[in-house]
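**Student:** File input_15.pdb below, PDB, C-alpha atoms, pLDDT in the B column:
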MODEL        1
ATOM      1  CA  MET Y   1     -11.266   1.417   5.741  1.00 71.00           C
ATOM      2  CA  SER Y   2     -14.466  -0.581   5.908  1.00 86.00           C
ATOM      3  CA  VAL Y   3     -16.088  -3.764   4.657  1.00 91.00           C
ATOM      4  CA  ASP Y   4     -17.746  -1.714   1.905  1.00 92.00           C
ATOM      5  CA  LYS Y   5     -14.355  -0.352   0.840  1.00 90.00           C
ATOM      6  CA  LEU Y   6     -13.011  -3.920   0.622  1.00 93.00           C
ATOM      7  CA  LEU Y   7     -15.974  -4.826  -1.604  1.00 95.00           C
ATOM      8  CA  ARG Y   8     -15.277  -1.814  -3.856  1.00 94.00           C
ATOM      9  CA  ILE Y   9     -11.622  -2.893  -4.178  1.00 93.00           C
ATOM     10  CA  ILE Y  10     -12.749  -6.416  -5.165  1.00 95.00           C
ATOM     11  CA  GLU Y  11     -15.152  -4.904  -7.731  1.00 95.00           C
ATOM     12  CA  LYS Y  12     -12.265  -2.960  -9.313  1.00 94.00           C
ATOM     13  CA  SER Y  13     -10.145  -6.101  -9.617  1.00 95.00           C
ATOM     14  CA  LYS Y  14     -10.239  -9.003 -12.048  1.00 93.00           C
ATOM     15  CA  PHE Y  15     -11.498 -11.128  -9.179  1.00 94.00           C
ATOM     16  CA  GLN Y  16     -14.944  -9.608  -9.710  1.00 94.00           C
ATOM     17  CA  ASP Y  17     -15.116 -11.196 -13.179  1.00 93.00           C
ATOM     18  CA  PHE Y  18     -13.881 -14.468 -11.723  1.00 92.00           C
ATOM     19  CA  LEU Y  19     -16.581 -14.377  -9.017  1.00 94.00           C
ATOM     20  CA  ASN Y  20     -19.268 -13.663 -11.620  1.00 95.00           C
ATOM     21  CA  VAL Y  21     -18.144 -16.387 -14.033  1.00 93.00           C
ATOM     22  CA  HIS Y  22     -18.103 -19.010 -11.271  1.00 92.00           C
ATOM     23  CA  ASP Y  23     -21.408 -17.826  -9.759  1.00 94.00           C
ATOM     24  CA  PHE Y  24     -20.086 -16.794  -6.344  1.00 95.00           C
ATOM     25  CA  LYS Y  25     -22.484 -14.958  -4.019  1.00 96.00           C
ATOM     26  CA  LEU Y  26     -21.587 -12.679  -1.119  1.00 97.00           C
ATOM     27  CA  VAL Y  27     -22.582 -14.498   2.085  1.00 96.00           C
ATOM     28  CA  TYR Y  28     -20.301 -13.180   4.824  1.00 95.00           C
ATOM     29  CA  LYS Y  29     -19.087  -9.787   6.123  1.00 95.00           C
ATOM     30  CA  ASN Y  30     -16.983  -9.107   9.197  1.00 91.00           C
ATOM     31  CA  HIS Y  31     -15.347  -6.070  10.796  1.00 88.00           C
ATOM     32  CA  GLU Y  32     -12.934  -7.089  13.530  1.00 86.00           C
ATOM     33  CA  LYS Y  33     -12.203  -4.187  15.862  1.00 84.00           C
ATOM     34  CA  ARG Y  34      -8.760  -4.480  17.372  1.00 75.00           C
ATOM     35  CA  GLY Y  35      -8.661  -1.632  19.884  1.00 71.00           C
ATOM     36  CA  GLY Y  36      -6.095   0.749  18.491  1.00 63.00           C
ATOM     37  CA  ILE Y  37      -4.426  -1.743  16.174  1.00 70.00           C
ATOM     38  CA  GLN Y  38      -5.475  -1.711  12.541  1.00 75.00           C
ATOM     39  CA  ASP Y  39      -8.935  -3.255  12.267  1.00 81.00           C
ATOM     40  CA  GLY Y  40      -9.500  -6.305  10.095  1.00 86.00           C
ATOM     41  CA  TYR Y  41     -12.147  -6.517   7.392  1.00 90.00           C
ATOM     42  CA  SER Y  42     -13.263  -9.678   5.667  1.00 93.00           C
ATOM     43  CA  VAL Y  43     -15.936 -10.782   3.230  1.00 95.00           C
ATOM     44  CA  GLY Y  44     -16.848 -14.237   2.028  1.00 95.00           C
ATOM     45  CA  PHE Y  45     -18.219 -15.492  -1.257  1.00 96.00           C
ATOM     46  CA  GLU Y  46     -19.668 -18.928  -1.828  1.00 94.00           C
ATOM     47  CA  SER Y  47     -20.446 -20.978  -4.921  1.00 92.00           C
ATOM     48  CA  HIS Y  48     -21.764 -24.508  -5.178  1.00 89.00           C
ATOM     49  CA  GLU Y  49     -18.108 -25.638  -5.351  1.00 86.00           C
ATOM     50  CA  CYS Y  50     -16.232 -23.676  -2.680  1.00 87.00           C
ATOM     51  CA  LYS Y  51     -15.857 -20.609  -0.490  1.00 92.00           C
ATOM     52  CA  LEU Y  52     -13.459 -17.709  -1.012  1.00 94.00           C
ATOM     53  CA  GLY Y  53     -12.682 -15.197   1.695  1.00 94.00           C
ATOM     54  CA  PHE Y  54     -11.106 -11.790   1.095  1.00 94.00           C
ATOM     55  CA  TYR Y  55      -9.390  -9.914   3.891  1.00 92.00           C
ATOM     56  CA  LEU Y  56      -7.964  -6.460   4.337  1.00 89.00           C
ATOM     57  CA  GLU Y  57      -5.655  -5.738   7.230  1.00 82.00           C
ATOM     58  CA  ALA Y  58      -2.136  -4.402   6.806  1.00 72.00           C
ATOM     59  CA  SER Y  59      -2.252  -6.088   3.391  1.00 76.00           C
ATOM     60  CA  ILE Y  60      -4.909  -7.644   1.214  1.00 83.00           C
ATOM     61  CA  GLY Y  61      -5.408 -11.266   0.308  1.00 84.00           C
ATOM     62  CA  VAL Y  62      -7.692 -14.109  -0.613  1.00 89.00           C
ATOM     63  CA  SER Y  63      -8.200 -17.377   1.213  1.00 89.00           C
ATOM     64  CA  VAL Y  64      -9.867 -20.623   0.274  1.00 88.00           C
ATOM     65  CA  ILE Y  65     -12.224 -22.031   2.862  1.00 86.00           C
ATOM     66  CA  PRO Y  66     -13.369 -25.650   2.655  1.00 82.00           C
ATOM     67  CA  LYS Y  67     -17.001 -25.834   1.552  1.00 80.00           C
ATOM     68  CA  PHE Y  68     -17.970 -27.809   4.655  1.00 80.00           C
ATOM     69  CA  SER Y  69     -16.449 -25.246   7.055  1.00 83.00           C
ATOM     70  CA  ASP Y  70     -17.904 -22.387   9.052  1.00 85.00           C
ATOM     71  CA  TRP Y  71     -16.686 -18.857   8.238  1.00 86.00           C
ATOM     72  CA  GLU Y  72     -16.039 -17.950  11.861  1.00 84.00           C
ATOM     73  CA  THR Y  73     -14.351 -21.069  13.218  1.00 82.00           C
ATOM     74  CA  THR Y  74     -12.243 -22.525  10.411  1.00 81.00           C
ATOM     75  CA  ALA Y  75      -8.701 -21.493   9.601  1.00 81.00           C
ATOM     76  CA  TRP Y  76      -8.662 -19.639   6.303  1.00 86.00           C
ATOM     77  CA  ILE Y  77      -5.958 -20.973   3.972  1.00 88.00           C
ATOM     78  CA  ASP Y  78      -4.168 -18.262   2.007  1.00 89.00           C
ATOM     79  CA  LEU Y  79      -4.657 -18.722  -1.738  1.00 91.00           C
ATOM     80  CA  ASP Y  80      -1.152 -17.389  -2.469  1.00 90.00           C
ATOM     81  CA  TYR Y  81       0.272 -20.199  -0.317  1.00 90.00           C
ATOM     82  CA  VAL Y  82      -1.768 -22.867  -2.105  1.00 92.00           C
ATOM     83  CA  ILE Y  83      -0.757 -21.584  -5.554  1.00 92.00           C
ATOM     84  CA  SER Y  84       2.926 -21.406  -4.571  1.00 92.00           C
ATOM     85  CA  TYR Y  85       2.710 -24.905  -3.078  1.00 92.00           C
ATOM     86  CA  LEU Y  86       1.193 -26.369  -6.254  1.00 94.00           C
ATOM     87  CA  ARG Y  87       3.733 -24.630  -8.479  1.00 93.00           C
ATOM     88  CA  LYS Y  88       6.625 -25.366  -6.077  1.00 91.00           C
ATOM     89  CA  GLN Y  89       7.577 -21.671  -6.176  1.00 90.00           C
ATOM     90  CA  PRO Y  90       8.581 -19.322  -3.365  1.00 87.00           C
ATOM     91  CA  ILE Y  91       5.642 -17.843  -1.493  1.00 82.00           C
ATOM     92  CA  LYS Y  92       4.958 -14.199  -2.269  1.00 75.00           C
ATOM     93  CA  ARG Y  93       5.078 -12.235   0.947  1.00 67.00           C
ATOM     94  CA  ASP Y  94       4.526  -8.561   1.723  1.00 59.00           C
ATOM     95  CA  ASN Y  95       2.413  -8.097  -1.389  1.00 54.00           C
ATOM     96  CA  THR Y  96       1.645  -4.423  -0.747  1.00 48.00           C
ATOM     97  CA  LYS Y  97       5.212  -3.291  -0.086  1.00 46.00           C
ATOM     98  CA  LYS Y  98       6.400  -3.914  -3.637  1.00 48.00           C
ATOM     99  CA  ASN Y  99       3.684  -1.607  -4.968  1.00 46.00           C
ATOM    100  CA  LEU Y 100       3.732   1.256  -2.477  1.00 46.00           C
ATOM    101  CA  ASN Y 101       6.159   3.352  -4.501  1.00 45.00           C
ATOM    102  CA  ALA Y 102       3.919   3.271  -7.544  1.00 47.00           C
ATOM    103  CA  ASN Y 103       2.198   6.507  -8.462  1.00 44.00           C
ATOM    104  CA  ARG Y 104      -1.268   5.132  -7.883  1.00 54.00           C
ATOM    105  CA  PHE Y 105      -3.866   5.392  -5.199  1.00 75.00           C
ATOM    106  CA  TYR Y 106      -3.713   2.755  -2.487  1.00 81.00           C
ATOM    107  CA  ASP Y 107      -7.099   1.228  -3.448  1.00 84.00           C
ATOM    108  CA  GLU Y 108      -5.888   0.790  -7.016  1.00 87.00           C
ATOM    109  CA  ILE Y 109      -2.721  -0.906  -5.784  1.00 88.00           C
ATOM    110  CA  LEU Y 110      -4.826  -3.329  -3.718  1.00 89.00           C
ATOM    111  CA  ALA Y 111      -7.145  -4.007  -6.685  1.00 91.00           C
ATOM    112  CA  ASN Y 112      -4.091  -4.751  -8.861  1.00 91.00           C
ATOM    113  CA  ILE Y 113      -2.776  -7.197  -6.269  1.00 91.00           C
ATOM    114  CA  LEU Y 114      -6.113  -9.029  -6.351  1.00 92.00           C
ATOM    115  CA  SER Y 115      -6.151  -8.939 -10.161  1.00 94.00           C
ATOM    116  CA  ASP Y 116      -2.714 -10.563 -10.306  1.00 93.00           C
ATOM    117  CA  LEU Y 117      -3.870 -13.260  -7.906  1.00 93.00           C
ATOM    118  CA  ALA Y 118      -7.057 -13.866  -9.916  1.00 94.00           C
ATOM    119  CA  GLU Y 119      -4.939 -14.456 -13.045  1.00 94.00           C
ATOM    120  CA  GLU Y 120      -2.813 -17.009 -11.179  1.00 94.00           C
ATOM    121  CA  PHE Y 121      -5.866 -18.708  -9.658  1.00 93.00           C
ATOM    122  CA  GLU Y 122      -7.941 -19.147 -12.810  1.00 94.00           C
ATOM    123  CA  PRO Y 123      -5.834 -21.901 -14.464  1.00 95.00           C
ATOM    124  CA  LEU Y 124      -5.574 -23.769 -11.134  1.00 95.00           C
ATOM    125  CA  PHE Y 125      -9.213 -23.309 -10.107  1.00 94.00           C
ATOM    126  CA  ASN Y 126     -10.419 -26.875 -10.751  1.00 93.00           C
ATOM    127  CA  GLN Y 127      -7.358 -28.419  -9.091  1.00 94.00           C
ATOM    128  CA  ILE Y 128      -7.691 -26.199  -6.005  1.00 93.00           C
ATOM    129  CA  ILE Y 129     -11.439 -26.822  -5.729  1.00 91.00           C
ATOM    130  CA  LYS Y 130     -10.773 -30.574  -5.658  1.00 91.00           C
ATOM    131  CA  MET Y 131      -8.286 -30.014  -2.829  1.00 91.00           C
ATOM    132  CA  PHE Y 132     -11.029 -28.426  -0.705  1.00 89.00           C
ATOM    133  CA  LYS Y 133     -13.783 -30.886  -1.619  1.00 82.00           C
ATOM    134  CA  ASP Y 134     -14.209 -32.408   1.812  1.00 83.00           C
ATOM    135  CA  GLU Y 135     -12.464 -32.736   5.141  1.00 85.00           C
ATOM    136  CA  SER Y 136     -10.722 -36.020   4.344  1.00 88.00           C
ATOM    137  CA  VAL Y 137      -9.188 -34.557   1.178  1.00 89.00           C
ATOM    138  CA  VAL Y 138      -7.962 -31.450   3.065  1.00 90.00           C
ATOM    139  CA  ASP Y 139      -6.461 -33.692   5.745  1.00 91.00           C
ATOM    140  CA  GLN Y 140      -4.418 -35.493   3.070  1.00 93.00           C
ATOM    141  CA  TRP Y 141      -2.518 -32.461   1.745  1.00 93.00           C
ATOM    142  CA  LYS Y 142      -2.695 -29.807   4.479  1.00 92.00           C
ATOM    143  CA  PRO Y 143       0.289 -31.136   6.502  1.00 94.00           C
ATOM    144  CA  ALA Y 144       2.457 -30.964   3.362  1.00 94.00           C
ATOM    145  CA  LEU Y 145       1.325 -27.371   2.730  1.00 93.00           C
ATOM    146  CA  GLU Y 146       2.134 -26.404   6.317  1.00 93.00           C
ATOM    147  CA  GLN Y 147       5.593 -27.960   5.939  1.00 94.00           C
ATOM    148  CA  TYR Y 148       6.079 -26.139   2.631  1.00 93.00           C
ATOM    149  CA  ILE Y 149       5.242 -22.813   4.308  1.00 91.00           C
ATOM    150  CA  LYS Y 150       7.747 -23.490   7.113  1.00 91.00           C
ATOM    151  CA  GLU Y 151      10.491 -24.472   4.668  1.00 91.00           C
ATOM    152  CA  ASP Y 152       9.808 -21.397   2.539  1.00 89.00           C
ATOM    153  CA  ALA Y 153      10.108 -19.157   5.616  1.00 87.00           C
ATOM    154  CA  ARG Y 154      13.405 -20.848   6.567  1.00 87.00           C
ATOM    155  CA  ARG Y 155      14.826 -20.285   3.076  1.00 85.00           C
ATOM    156  CA  ARG Y 156      13.584 -16.719   2.835  1.00 82.00           C
ATOM    157  CA  TYR Y 157      14.798 -15.623   6.243  1.00 80.00           C
ATOM    158  CA  SER Y 158      17.902 -17.875   6.351  1.00 78.00           C
ATOM    159  CA  LEU Y 159      16.728 -19.758   9.409  1.00 71.00           C
ATOM    160  CA  GLY Y 160      18.613 -22.983  10.150  1.00 58.00           C
TER
ENDMDL
END
Give the structure from this file in C-alpha cells form.
**Tutor:**
Amino acid sequence: MSVDKLLRIIEKSKFQDFLNVHDFKLVYKNHEKRGGIQDGYSVGFESHECKLGFYLEASIGVSVIPKFSDWETTAWIDLDYVISYLRKQPIKRDNTKKNLNANRFYDEILANILSDLAEEFEPLFNQIIKMFKDESVVDQWKPALEQYIKEDARRRYSLG
C-alpha cells in the first residue's frame, strides 16, 4: 500500500466526482510508519467550505475536518459516524469485512466502500458543512456525537 494507491482508489470511486463537483483540491499526504504494524496512509482535500480526509489502514474511510483546523493536530471525525448520527441509525462498523468474500480485487472493494459513502454524503453535504463551519459550532454538537458513538457501541456489543 501507499499514499498513491489510496489516491488511485479514491479516483475509482464516486468520491472523485464528488470532489470535482465541489472543487476540492489535494493539499495533504501522509504515510505513518508503524514499525511492523500495518502502516497508515492519509490524504486531505480542501475546498472553500471544508476539509475531507481519506485514510487507509486496516480499513478505509473518510473524515470531516473543521475548516479552521490543522491536518496534523486535529482529531479527524469519521464521516460514517456523522451520517449515522444525523440519521439516528446504527453506525456502520467493519466496512471491509462485509465485502471480503466478494469476487473482486481488494482495491475495487475499497473503491466501492467509498462510493457507497459518497452517495450517503451527497444529500447531507450542506448540513454537514454547516456543522463544521467554525469551532463554536463544532463545540455545540460534538459532545452529542461522542455520546451517540458510545451508546451505539453499547448496543452493538451488549455492554451494560
**Student:** So which residues touch Phe121 (chain Y) within 12 Å, counting all atoms listed in the file, skipping near sequence neighbours fewer than 3 positions away, as a list in words?
**Tutor:**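 Everything that qualifies: Lys14, Phe15, Phe18, Leu19, Leu52, Val62, Ser63, Val64, Asp78, Leu79, Asp80, Tyr81, Val82, Ile83, Ser84, Leu86, Arg87, Leu114, Ser115, Asp116, Leu117, Ala118, Leu124, Phe125, Asn126, Gln127, Ile128 and Ile129 of chain Y.
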**Student:** Kindly indicate which residue among Y:Lys133, Y:Phe24, Y:Ile149, Y:Cys50 lies nearest to Ile91 (chain Y), using only C-alpha atoms for the distances.
**Tutor:**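 So, comparing all the options, the nearest one is Y:Ile149.
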**Student:** Determine the nearest neighbour of Trp71 (chain Y) from the options Y:Ala111, Y:Ala144, Y:Val43, Y:Leu159, counting all atoms listed in the file.
**Tutor:** Y:Val43
**Student:** Considering all atoms listed in the file, can you say which of Y:Thr74, Y:Ile113, Y:Lys88, Y:Glu135 comes closest to Glu151 (chain Y)?
**Tutor:** Y:Lys88
**Student:** For CA of Gly35 (chain Y) and CA of Ile77 (chain Y), determine how far apart the two atoms are, in Å to one decimal place.
**Tutor:**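 Distance reported for this atom pair: 25.2 Å.
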**Student:** Please produce, as a tab-separated table, a per-residue contact table for region 47-160 of chain Y versus region 6-11 of chain Y (criterion: any atom at most 8 Å away, all atoms listed in the file considered), showing the nearest atom pair and its distance in Å to one decimal, sorted by chain then residue number.
**Tutor:**
residue	atom	partner	partner_atom	distance
Y:Tyr55	CA	Y:Leu6	CA	7.7
Y:Leu56	CA	Y:Leu6	CA	6.8
Y:Asp107	CA	Y:Ile9	CA	6.2
Y:Glu108	CA	Y:Ile9	CA	7.4
Y:Leu110	CA	Y:Ile9	CA	6.8
Y:Ala111	CA	Y:Ile9	CA	5.3
Y:Leu114	CA	Y:Ile10	CA	7.2
**Student:** Counting only C-alpha atoms, which residue out of Y:Glu119, Y:Ile109, Y:Lys33, Y:Phe68 sits closest to Ser136 (chain Y)?
**Tutor:**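 Closest to Ser136 (chain Y) of all the choices is Y:Phe68.
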**Student:** CA of Phe54 (chain Y) and CA of Gln16 (chain Y), how far apart in Å?
**Tutor:**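 So the two atoms, CA of Gln16 (chain Y) and CA of Phe54 (chain Y), lie 11.7 Å apart.
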**Student:** Have a look at Y:Met1, Y:Val138, Y:Ala75, Y:Val21 and name the one nearest to Ile60 (chain Y); count only C-alpha atoms.
**Tutor:**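 For Ile60 (chain Y), the nearest of the given residues is Y:Met1.
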**Student:** What's the separation between CA of Phe132 (chain Y) and CA of Lys67 (chain Y), in Å to one decimal place?
**Tutor:**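 Straight-line distance from CA of Phe132 (chain Y) to CA of Lys67 (chain Y) works out to 6.9 Å.
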**Student:** Between Y:Val27, Y:Tyr106, Y:Asn20, Y:Thr73, which is the closest to Ala58 (chain Y) once you count all atoms listed in the file?
**Tutor:**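 Among the listed residues, the smallest separation from Ala58 (chain Y) belongs to Y:Tyr106.
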**Student:** Please write the residues picked by the PyMOL selection byres ((chain Y and resi 3) around 7) on this file as a ChimeraX atom specification.
**Tutor:** /Y:2,4-7,29,31,41-42
